[in-house]
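Contents: one structure, followed by commentary.
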Amino acid sequence: MARIVITGGAGFIGSHLTDTLVASGHEVTVLDNLFTGRKSNLVQHWNNPKFEFVRHDVIESVLLEAEQVYHLACPASPVHYQHNPVKTIKTNVMGTINMLGLCKRVGARFLLASTSEVYGDPHEHPQRETYWGNVNPIGPRSCYDEGKRVAETLTESYRLQNHVDTRIVRIFNTYGPRMLFDDGRVVSNFIVQALKGNDITVYGDGNQTRSFCYVSDLVAGLIAMMQNESFHGPVNLGNPNEMTIAELAKLIISMTNSKSKLRHENLPKDDPVRRKPDITVAGRELNWKPTVELKQGLTKTIADFEQRLRAEG
Ligand code: NAD
Ligand code: UDP
């Protein structure tokens, strides 16, 4: 059993990762400043002596012992990461330096939760790890995209210069229970709108595409990458099942039996036109592939949103 630190562990993906690692008997310490994370995502572990929650901002250094660090701390939705762009950059740069420094000091393995956003609005389709990306350095998404790109550079530099045992994972759009109602991401927006009978806000003509991965598949990929003894990445983790945003809207309307209608709104600046992961590398190096069909995953996600909306009255 390992001592594991998860930064951002009170958030959407981090809390599911925590559930799986705690269930496997590991000692898990979550570091989170609760910007977009919730203690309620972790209450199930409160009385477990192998679990610890530390309210901590990763832009400050921290002294801890661990064998593995999963570094997820960073707001993921455009609404949240654009709320305070300078803070988003600090989180990605200073936060990543602090956690890499911790790993260097204690000899821990480090995994960076990077993103498909490093490919920007891609000129290569589907995106392979070898693609360098098409990113605007001064646009509204740059604090996140460029922040993650420099976090990758830091990770690779600490590996080559300081021999930290690192892993880089590029996560594509992931969805599931515990996403925030108001986080502005497409799956959570559409489910809340459909359940409330409000208009479904499709940005632009709705022909832009994304590929959606269910959170349990993603968590399995993160753990497989951390446990791999020799492969440093980067590796894409996502579901290659590409669809348009308009198709997603119609699917969610039909699955919720909603009377909602589509309402087109302006496409946000620099919104990528197409996105689909090439997951050949994950298959070859990690023997990983997603297993949860979109309808299956949406059924569980819709049930979770319904239950939380009911609880909120
Ligand atoms: P999330 O916003 O739910 O979780 C992020 C967590 O990090 C939250 O608990 C938040 O409070 C915490 N956090 C933010 N800034 C912090 C700071 N300075 N110090 C300490 N904690 C801080 O997002 P998520 O969807 O769970 O994403 C987790 C990670 O995965 C992020 O690094 C994100 O960039 C990456 N990722 C997610 C997706 C996706 O589709 N969900 C896609 C690509 C990459
Ligand atoms: N989107 C939309 N309506 C919404 C929220 C998002 O049409 O209410 C679109 C958005 O413009 C983008 C896609 O859905 O093309 C995915 O957006 P999200 O913010 O979930 O993820 P990202 O753009 O970071 O992949």
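Following the order of the structure tokens, first chain is A, next is B, and so on, with residues numbered from 1 inside each chain and ligands from 1 in the order they appear.
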
Those in stretch 60-308 of chain A with alpha helix (DSSP H) from DSSP, as a ChimeraX atom specification: /A:78-81,85-106,142-162,186-196,215-227,245-255,280-286,294-308

Selection as a ChimeraX atom specification: residues within 8 Å of ligand 2 by only C-alpha atoms and all ligand atoms: /A:76-79,117,172-173,184-190,200-204,206,208-210,245-246,264-265,267-268,271-273,275

Produce a file of the selected residues containing N, CA and C atoms, as a CSV table (one decimal), in the first residue's frame.
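This is the output file selection.csv:
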```csv
chain,number,residue,atom,x,y,z
A,76,ALA,N,-11.1,23.4,-14.0
A,76,ALA,CA,-11.1,22.8,-15.3
A,76,ALA,C,-12.1,23.5,-16.3
A,77,SER,N,-13.1,24.1,-15.7
A,77,SER,CA,-14.2,24.6,-16.6
A,77,SER,C,-13.8,26.1,-17.0
A,78,PRO,N,-14.1,26.4,-18.3
A,78,PRO,CA,-13.7,27.8,-18.7
A,78,PRO,C,-14.3,28.9,-17.8
A,79,VAL,N,-15.5,28.7,-17.3
A,79,VAL,CA,-16.1,29.7,-16.4
A,79,VAL,C,-15.2,29.9,-15.2
A,117,GLU,N,-6.4,20.5,-24.1
A,117,GLU,CA,-6.4,21.9,-24.5
A,117,GLU,C,-4.9,22.3,-24.9
A,172,PHE,N,-8.9,14.3,-22.0
A,172,PHE,CA,-10.0,14.8,-22.9
A,172,PHE,C,-11.3,14.9,-22.1
A,173,ASN,N,-12.3,15.7,-22.7
A,173,ASN,CA,-13.5,16.0,-22.0
A,173,ASN,C,-14.1,14.8,-21.2
A,184,GLY,N,-20.5,25.5,-16.1
A,184,GLY,CA,-20.4,26.1,-17.5
A,184,GLY,C,-20.0,25.1,-18.5
A,185,ARG,N,-19.6,23.8,-18.1
A,185,ARG,CA,-19.3,22.8,-19.1
A,185,ARG,C,-20.5,22.3,-19.7
A,186,VAL,N,-20.3,21.7,-20.9
A,186,VAL,CA,-21.4,21.4,-21.7
A,186,VAL,C,-22.3,20.3,-21.2
A,187,VAL,N,-21.8,19.3,-20.6
A,187,VAL,CA,-22.6,18.2,-20.1
A,187,VAL,C,-23.4,18.6,-18.9
A,188,SER,N,-22.8,19.3,-18.0
A,188,SER,CA,-23.5,19.8,-16.8
A,188,SER,C,-24.6,20.9,-17.2
A,189,ASN,N,-24.2,21.8,-18.1
A,189,ASN,CA,-25.2,22.8,-18.5
A,189,ASN,C,-26.4,22.2,-19.1
A,190,PHE,N,-26.2,21.3,-20.1
A,190,PHE,CA,-27.3,20.7,-20.8
A,190,PHE,C,-28.2,19.8,-19.9
A,200,ILE,N,-31.9,24.9,-24.1
A,200,ILE,CA,-30.6,24.3,-24.1
A,200,ILE,C,-29.7,25.3,-24.9
A,201,THR,N,-28.7,25.8,-24.2
A,201,THR,CA,-27.8,26.8,-24.8
A,201,THR,C,-26.7,26.2,-25.7
A,202,VAL,N,-27.0,26.1,-27.0
A,202,VAL,CA,-25.9,25.6,-27.9
A,202,VAL,C,-25.1,26.8,-28.4
A,203,TYR,N,-23.8,26.8,-28.2
A,203,TYR,CA,-23.0,27.9,-28.6
A,203,TYR,C,-22.6,27.7,-30.1
A,204,GLY,N,-22.8,28.7,-30.9
A,204,GLY,CA,-22.5,28.6,-32.3
A,204,GLY,C,-23.6,27.8,-33.0
A,206,GLY,N,-23.5,24.6,-33.3
A,206,GLY,CA,-23.6,23.3,-32.7
A,206,GLY,C,-22.9,22.2,-33.4
A,208,GLN,N,-19.6,22.1,-33.8
A,208,GLN,CA,-18.3,21.7,-33.2
A,208,GLN,C,-18.4,20.4,-32.5
A,209,THR,N,-17.3,19.7,-32.5
A,209,THR,CA,-17.3,18.3,-31.9
A,209,THR,C,-16.5,18.2,-30.6
A,210,ARG,N,-16.9,17.2,-29.8
A,210,ARG,CA,-16.1,16.8,-28.6
A,210,ARG,C,-16.3,15.3,-28.5
A,245,ILE,N,-22.0,19.0,-30.8
A,245,ILE,CA,-22.6,19.5,-29.6
A,245,ILE,C,-24.1,19.5,-29.7
A,246,ALA,N,-24.6,19.7,-31.0
A,246,ALA,CA,-26.0,19.7,-31.2
A,246,ALA,C,-26.6,18.3,-31.0
A,264,HIS,N,-29.6,28.9,-29.8
A,264,HIS,CA,-28.2,29.1,-30.2
A,264,HIS,C,-27.7,30.5,-29.6
A,265,GLU,N,-26.5,30.4,-29.1
A,265,GLU,CA,-25.9,31.6,-28.5
A,265,GLU,C,-24.5,31.8,-29.2
A,267,LEU,N,-20.7,31.7,-30.2
A,267,LEU,CA,-19.6,30.8,-29.9
A,267,LEU,C,-18.5,31.6,-29.1
A,268,PRO,N,-18.1,31.0,-28.0
A,268,PRO,CA,-17.0,31.7,-27.3
A,268,PRO,C,-15.7,31.8,-28.1
A,271,ASP,N,-13.0,28.9,-29.3
A,271,ASP,CA,-13.6,27.6,-29.0
A,271,ASP,C,-13.1,26.6,-30.1
A,272,PRO,N,-12.4,25.5,-29.7
A,272,PRO,CA,-11.9,24.5,-30.7
A,272,PRO,C,-13.1,23.9,-31.5
A,273,VAL,N,-12.8,23.8,-32.8
A,273,VAL,CA,-13.8,23.3,-33.7
A,273,VAL,C,-14.0,21.8,-33.6
A,275,ARG,N,-12.5,18.0,-31.7
A,275,ARG,CA,-11.6,17.4,-30.7
A,275,ARG,C,-11.9,15.9,-30.6
```

Show me, as JSON lines, the residues of chain A having an atom within 7 Å of ligand 1, each with the closest atom pair and its distance in Å, using only C-alpha atoms and all ligand atoms.
```
{"residue": "A:Thr7", "atom": "CA", "partner": "ligand 1", "partner_atom_place_in_ligand_line": "21 (N)", "distance": 6.1}
{"residue": "A:Gly8", "atom": "CA", "partner": "ligand 1", "partner_atom_place_in_ligand_line": "7 (O)", "distance": 3.4}
{"residue": "A:Gly9", "atom": "CA", "partner": "ligand 1", "partner_atom_place_in_ligand_line": "9 (O)", "distance": 5.7}
{"residue": "A:Ala10", "atom": "CA", "partner": "ligand 1", "partner_atom_place_in_ligand_line": "9 (O)", "distance": 4.2}
{"residue": "A:Gly11", "atom": "CA", "partner": "ligand 1", "partner_atom_place_in_ligand_line": "9 (O)", "distance": 3.2}
{"residue": "A:Phe12", "atom": "CA", "partner": "ligand 1", "partner_atom_place_in_ligand_line": "26 (O)", "distance": 3.7}
{"residue": "A:Ile13", "atom": "CA", "partner": "ligand 1", "partner_atom_place_in_ligand_line": "26 (O)", "distance": 3.7}
{"residue": "A:Gly14", "atom": "CA", "partner": "ligand 1", "partner_atom_place_in_ligand_line": "26 (O)", "distance": 5.4}
{"residue": "A:Leu31", "atom": "CA", "partner": "ligand 1", "partner_atom_place_in_ligand_line": "20 (C)", "distance": 6.1}
{"residue": "A:Asp32", "atom": "CA", "partner": "ligand 1", "partner_atom_place_in_ligand_line": "21 (N)", "distance": 3.7}
{"residue": "A:Asn33", "atom": "CA", "partner": "ligand 1", "partner_atom_place_in_ligand_line": "20 (C)", "distance": 4.1}
{"residue": "A:Leu34", "atom": "CA", "partner": "ligand 1", "partner_atom_place_in_ligand_line": "11 (O)", "distance": 3.6}
{"residue": "A:Phe35", "atom": "CA", "partner": "ligand 1", "partner_atom_place_in_ligand_line": "11 (O)", "distance": 3.7}
{"residue": "A:Thr36", "atom": "CA", "partner": "ligand 1", "partner_atom_place_in_ligand_line": "11 (O)", "distance": 3.9}
{"residue": "A:Gly37", "atom": "CA", "partner": "ligand 1", "partner_atom_place_in_ligand_line": "9 (O)", "distance": 3.1}
{"residue": "A:Arg38", "atom": "CA", "partner": "ligand 1", "partner_atom_place_in_ligand_line": "9 (O)", "distance": 6.5}
{"residue": "A:His56", "atom": "CA", "partner": "ligand 1", "partner_atom_place_in_ligand_line": "20 (C)", "distance": 5.7}
{"residue": "A:Asp57", "atom": "CA", "partner": "ligand 1", "partner_atom_place_in_ligand_line": "19 (N)", "distance": 3.5}
{"residue": "A:Val58", "atom": "CA", "partner": "ligand 1", "partner_atom_place_in_ligand_line": "19 (N)", "distance": 4.0}
{"residue": "A:Ile59", "atom": "CA", "partner": "ligand 1", "partner_atom_place_in_ligand_line": "18 (N)", "distance": 5.6}
{"residue": "A:Leu72", "atom": "CA", "partner": "ligand 1", "partner_atom_place_in_ligand_line": "32 (O)", "distance": 3.9}
{"residue": "A:Ala73", "atom": "CA", "partner": "ligand 1", "partner_atom_place_in_ligand_line": "7 (O)", "distance": 3.5}
{"residue": "A:Cys74", "atom": "CA", "partner": "ligand 1", "partner_atom_place_in_ligand_line": "14 (C)", "distance": 3.8}
{"residue": "A:Pro75", "atom": "CA", "partner": "ligand 1", "partner_atom_place_in_ligand_line": "2 (O)", "distance": 3.8}
{"residue": "A:Ala76", "atom": "CA", "partner": "ligand 1", "partner_atom_place_in_ligand_line": "23 (O)", "distance": 4.3}
{"residue": "A:Ser77", "atom": "CA", "partner": "ligand 1", "partner_atom_place_in_ligand_line": "2 (O)", "distance": 6.4}
{"residue": "A:Thr91", "atom": "CA", "partner": "ligand 1", "partner_atom_place_in_ligand_line": "18 (N)", "distance": 4.6}
{"residue": "A:Gly95", "atom": "CA", "partner": "ligand 1", "partner_atom_place_in_ligand_line": "18 (N)", "distance": 6.6}
{"residue": "A:Ala113", "atom": "CA", "partner": "ligand 1", "partner_atom_place_in_ligand_line": "32 (O)", "distance": 5.0}
{"residue": "A:Ser114", "atom": "CA", "partner": "ligand 1", "partner_atom_place_in_ligand_line": "44 (C)", "distance": 5.5}
{"residue": "A:Thr115", "atom": "CA", "partner": "ligand 1", "partner_atom_place_in_ligand_line": "43 (C)", "distance": 4.0}
{"residue": "A:Ser116", "atom": "CA", "partner": "ligand 1", "partner_atom_place_in_ligand_line": "43 (C)", "distance": 6.0}
{"residue": "A:Arg170", "atom": "CA", "partner": "ligand 1", "partner_atom_place_in_ligand_line": "44 (C)", "distance": 6.7}
{"residue": "A:Ile171", "atom": "CA", "partner": "ligand 1", "partner_atom_place_in_ligand_line": "43 (C)", "distance": 4.2}
{"residue": "A:Phe172", "atom": "CA", "partner": "ligand 1", "partner_atom_place_in_ligand_line": "42 (C)", "distance": 4.8}
{"residue": "A:Asn173", "atom": "CA", "partner": "ligand 1", "partner_atom_place_in_ligand_line": "40 (O)", "distance": 3.6}
{"residue": "A:Thr174", "atom": "CA", "partner": "ligand 1", "partner_atom_place_in_ligand_line": "40 (O)", "distance": 3.7}
{"residue": "A:Tyr175", "atom": "CA", "partner": "ligand 1", "partner_atom_place_in_ligand_line": "40 (O)", "distance": 6.3}
{"residue": "A:Met179", "atom": "CA", "partner": "ligand 1", "partner_atom_place_in_ligand_line": "3 (O)", "distance": 6.6}
```

Minimum-distance residue to A:Leu251, chosen among A:Asp182, A:Glu306, A:Leu294, A:Asn228 (using only C-alpha atoms):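 Looking at the shortest contact to A:Leu251, the residue is A:Leu294.
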
Filtered DSSP result for stretch 122-240 of chain A, state strand (DSSP E), as number ranges by chain: A: 166-171, 174-175, 200-203, 209-211, 213-214, 235-237

Residue contacts of stretch 286-289 of chain A (7 Å, only C-alpha atoms) excluding same-chain residues fewer than 3 positions away, as a list of chain:residue names: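 Within the cut-off, the hits are A:Gly221, A:Ala224, A:Met225, A:Ala282, A:Gly283.
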
Restricted to C-alpha atoms, what would the selected residues look like written as a short mmCIF file (atom, residue, chain, number, x, y, z; two decimals), in the first residue's frame?
```cif
data_model
loop_
_atom_site.label_atom_id
_atom_site.label_comp_id
_atom_site.auth_asym_id
_atom_site.auth_seq_id
_atom_site.Cartn_x
_atom_site.Cartn_y
_atom_site.Cartn_z
CA GLY A 221 -6.39 5.32 -16.97
CA ALA A 224 -2.69 2.60 -14.92
CA MET A 225 -0.35 5.43 -15.89
CA ALA A 282 -2.72 4.37 -24.16
CA GLY A 283 -3.74 1.02 -25.64
#
```

Selection near A:Lys196, 12 Å with only C-alpha atoms, sequence-local residues under 4 positions removed, as number ranges by chain: A: 181, 189-192, 200, 253, 256-261, 305-306, 309-310, 313

One-decimal distance in Å that lies between atom CA of A:Thr301 and atom CA of A:Ala220: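 Rounded to one decimal, the two atoms are 17.8 Å apart.
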
All residues 9 Å or closer to stretch 130-133 of chain A, only C-alpha atoms, same chain fewer than 5 positions away omitted, as a VMD selection string: chain A and resid 117 to 124 234

File dump, residues just selected, all heavy atoms, as a PDB file, in the first residue's frame:
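Writing done, so here's selection-v9.pdb:
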```
ATOM      1  N   GLU A 117      -6.443  20.470 -24.092  1.00  0.00           N
ATOM      2  CA  GLU A 117      -6.352  21.896 -24.466  1.00  0.00           C
ATOM      3  C   GLU A 117      -4.938  22.283 -24.883  1.00  0.00           C
ATOM      4  O   GLU A 117      -4.746  23.335 -25.483  1.00  0.00           O
ATOM      5  CB  GLU A 117      -6.790  22.775 -23.298  1.00  0.00           C
ATOM      6  CG  GLU A 117      -8.238  22.606 -22.921  1.00  0.00           C
ATOM      7  CD  GLU A 117      -9.183  23.503 -23.705  1.00  0.00           C
ATOM      8  OE1 GLU A 117      -8.771  24.588 -24.128  1.00  0.00           O
ATOM      9  OE2 GLU A 117     -10.329  23.091 -23.915  1.00  0.00           O
ATOM     10  N   VAL A 118      -3.938  21.460 -24.559  1.00  0.00           N
ATOM     11  CA  VAL A 118      -2.582  21.789 -25.043  1.00  0.00           C
ATOM     12  C   VAL A 118      -2.546  21.723 -26.568  1.00  0.00           C
ATOM     13  O   VAL A 118      -1.661  22.296 -27.190  1.00  0.00           O
ATOM     14  CB  VAL A 118      -1.473  20.883 -24.447  1.00  0.00           C
ATOM     15  CG1 VAL A 118      -1.417  21.009 -22.925  1.00  0.00           C
ATOM     16  CG2 VAL A 118      -1.624  19.438 -24.876  1.00  0.00           C
ATOM     17  N   TYR A 119      -3.522  21.039 -27.202  1.00  0.00           N
ATOM     18  CA  TYR A 119      -3.586  20.990 -28.667  1.00  0.00           C
ATOM     19  C   TYR A 119      -4.323  22.209 -29.233  1.00  0.00           C
ATOM     20  O   TYR A 119      -4.353  22.401 -30.442  1.00  0.00           O
ATOM     21  CB  TYR A 119      -4.291  19.697 -29.135  1.00  0.00           C
ATOM     22  CG  TYR A 119      -3.627  18.420 -28.652  1.00  0.00           C
ATOM     23  CD1 TYR A 119      -4.334  17.461 -27.940  1.00  0.00           C
ATOM     24  CD2 TYR A 119      -2.283  18.181 -28.902  1.00  0.00           C
ATOM     25  CE1 TYR A 119      -3.735  16.285 -27.500  1.00  0.00           C
ATOM     26  CE2 TYR A 119      -1.668  17.018 -28.463  1.00  0.00           C
ATOM     27  CZ  TYR A 119      -2.395  16.071 -27.758  1.00  0.00           C
ATOM     28  OH  TYR A 119      -1.793  14.918 -27.318  1.00  0.00           O
ATOM     29  N   GLY A 120      -4.957  23.000 -28.360  1.00  0.00           N
ATOM     30  CA  GLY A 120      -5.649  24.214 -28.794  1.00  0.00           C
ATOM     31  C   GLY A 120      -6.771  23.905 -29.771  1.00  0.00           C
ATOM     32  O   GLY A 120      -7.537  22.954 -29.592  1.00  0.00           O
ATOM     33  N   ASP A 121      -6.883  24.740 -30.817  1.00  0.00           N
ATOM     34  CA  ASP A 121      -7.851  24.491 -31.902  1.00  0.00           C
ATOM     35  C   ASP A 121      -7.068  23.698 -32.944  1.00  0.00           C
ATOM     36  O   ASP A 121      -6.372  24.263 -33.795  1.00  0.00           O
ATOM     37  CB  ASP A 121      -8.343  25.836 -32.452  1.00  0.00           C
ATOM     38  CG  ASP A 121      -9.538  25.658 -33.380  1.00  0.00           C
ATOM     39  OD1 ASP A 121      -9.998  24.509 -33.567  1.00  0.00           O
ATOM     40  OD2 ASP A 121     -10.002  26.669 -33.923  1.00  0.00           O
ATOM     41  N   PRO A 122      -7.151  22.355 -32.904  1.00  0.00           N
ATOM     42  CA  PRO A 122      -6.129  21.535 -33.571  1.00  0.00           C
ATOM     43  C   PRO A 122      -6.217  21.497 -35.082  1.00  0.00           C
ATOM     44  O   PRO A 122      -7.300  21.448 -35.649  1.00  0.00           O
ATOM     45  CB  PRO A 122      -6.383  20.140 -32.984  1.00  0.00           C
ATOM     46  CG  PRO A 122      -7.777  20.149 -32.487  1.00  0.00           C
ATOM     47  CD  PRO A 122      -8.155  21.571 -32.181  1.00  0.00           C
ATOM     48  N   HIS A 123      -5.060  21.499 -35.719  1.00  0.00           N
ATOM     49  CA  HIS A 123      -4.973  21.314 -37.174  1.00  0.00           C
ATOM     50  C   HIS A 123      -4.769  19.847 -37.527  1.00  0.00           C
ATOM     51  O   HIS A 123      -4.720  19.510 -38.691  1.00  0.00           O
ATOM     52  CB  HIS A 123      -3.825  22.157 -37.746  1.00  0.00           C
ATOM     53  CG  HIS A 123      -4.124  23.626 -37.708  1.00  0.00           C
ATOM     54  ND1 HIS A 123      -3.151  24.595 -37.777  1.00  0.00           N
ATOM     55  CD2 HIS A 123      -5.297  24.289 -37.587  1.00  0.00           C
ATOM     56  CE1 HIS A 123      -3.704  25.790 -37.714  1.00  0.00           C
ATOM     57  NE2 HIS A 123      -5.012  25.634 -37.585  1.00  0.00           N
ATOM     58  N   GLU A 124      -4.586  19.005 -36.530  1.00  0.00           N
ATOM     59  CA  GLU A 124      -4.449  17.561 -36.769  1.00  0.00           C
ATOM     60  C   GLU A 124      -5.655  16.873 -36.124  1.00  0.00           C
ATOM     61  O   GLU A 124      -6.027  17.198 -34.986  1.00  0.00           O
ATOM     62  CB  GLU A 124      -3.157  17.056 -36.111  1.00  0.00           C
ATOM     63  CG  GLU A 124      -3.000  15.550 -36.199  1.00  0.00           C
ATOM     64  CD  GLU A 124      -1.683  15.066 -35.574  1.00  0.00           C
ATOM     65  OE1 GLU A 124      -0.611  15.533 -36.001  1.00  0.00           O
ATOM     66  OE2 GLU A 124      -1.744  14.234 -34.666  1.00  0.00           O
ATOM     67  N   PRO A 234       3.984  11.974 -22.777  1.00  0.00           N
ATOM     68  CA  PRO A 234       2.564  12.165 -22.510  1.00  0.00           C
ATOM     69  C   PRO A 234       1.685  11.097 -23.165  1.00  0.00           C
ATOM     70  O   PRO A 234       2.057  10.537 -24.193  1.00  0.00           O
ATOM     71  CB  PRO A 234       2.263  13.537 -23.115  1.00  0.00           C
ATOM     72  CG  PRO A 234       3.316  13.736 -24.147  1.00  0.00           C
ATOM     73  CD  PRO A 234       4.539  13.022 -23.666  1.00  0.00           C
TER      74      PRO A 234
END
```

10 Å contact set for A:Val86, only C-alpha atoms, chain neighbours under 6 positions out, as a ChimeraX atom specification: /A:92,143-144,147

Shell around A:Leu100 at 8 Å using only C-alpha atoms, local window under 2 positions removed, as a list in words: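 Near neighbours after the sequence-gap exclusion: Thr96, Ile97, Asn98, Leu102, Cys103, Lys104, Phe110, Thr155, Tyr158 and Val164 of chain A.
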
Grab the residues selected above and save them as a CSV table (one decimal), in the first residue's frame with C-alpha atoms.
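Here's the written file out31.csv:
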```
chain,number,residue,atom,x,y,z
A,96,THR,CA,3.3,22.4,-10.3
A,97,ILE,CA,6.8,23.6,-9.2
A,98,ASN,CA,5.8,23.1,-5.6
A,102,LEU,CA,8.0,17.8,-3.1
A,103,CYS,CA,8.5,14.8,-5.3
A,104,LYS,CA,12.2,15.6,-5.8
A,110,PHE,CA,4.6,12.5,-9.9
A,155,THR,CA,7.3,18.1,-15.5
A,158,TYR,CA,12.3,18.0,-13.5
A,164,VAL,CA,12.0,13.0,-10.8
```

Nearest candidate to A:Asp165 (options A:Thr18, A:Asn136, A:Ser142, A:Ser230; using only C-alpha atoms): A:Ser230

Shortest interatomic distance to A:Asn236 - which of A:Arg109, A:Arg55, A:Arg128, A:Arg284, counting only C-alpha atoms: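 Counting only C-alpha atoms, the residue closest to A:Asn236 is A:Arg128.
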
Nearest to A:Lys300, chosen from A:Met243, A:Arg178, A:Gln193, A:Glu129, with only C-alpha atoms counted in the distances: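 Closest to A:Lys300 of all the choices is A:Arg178.
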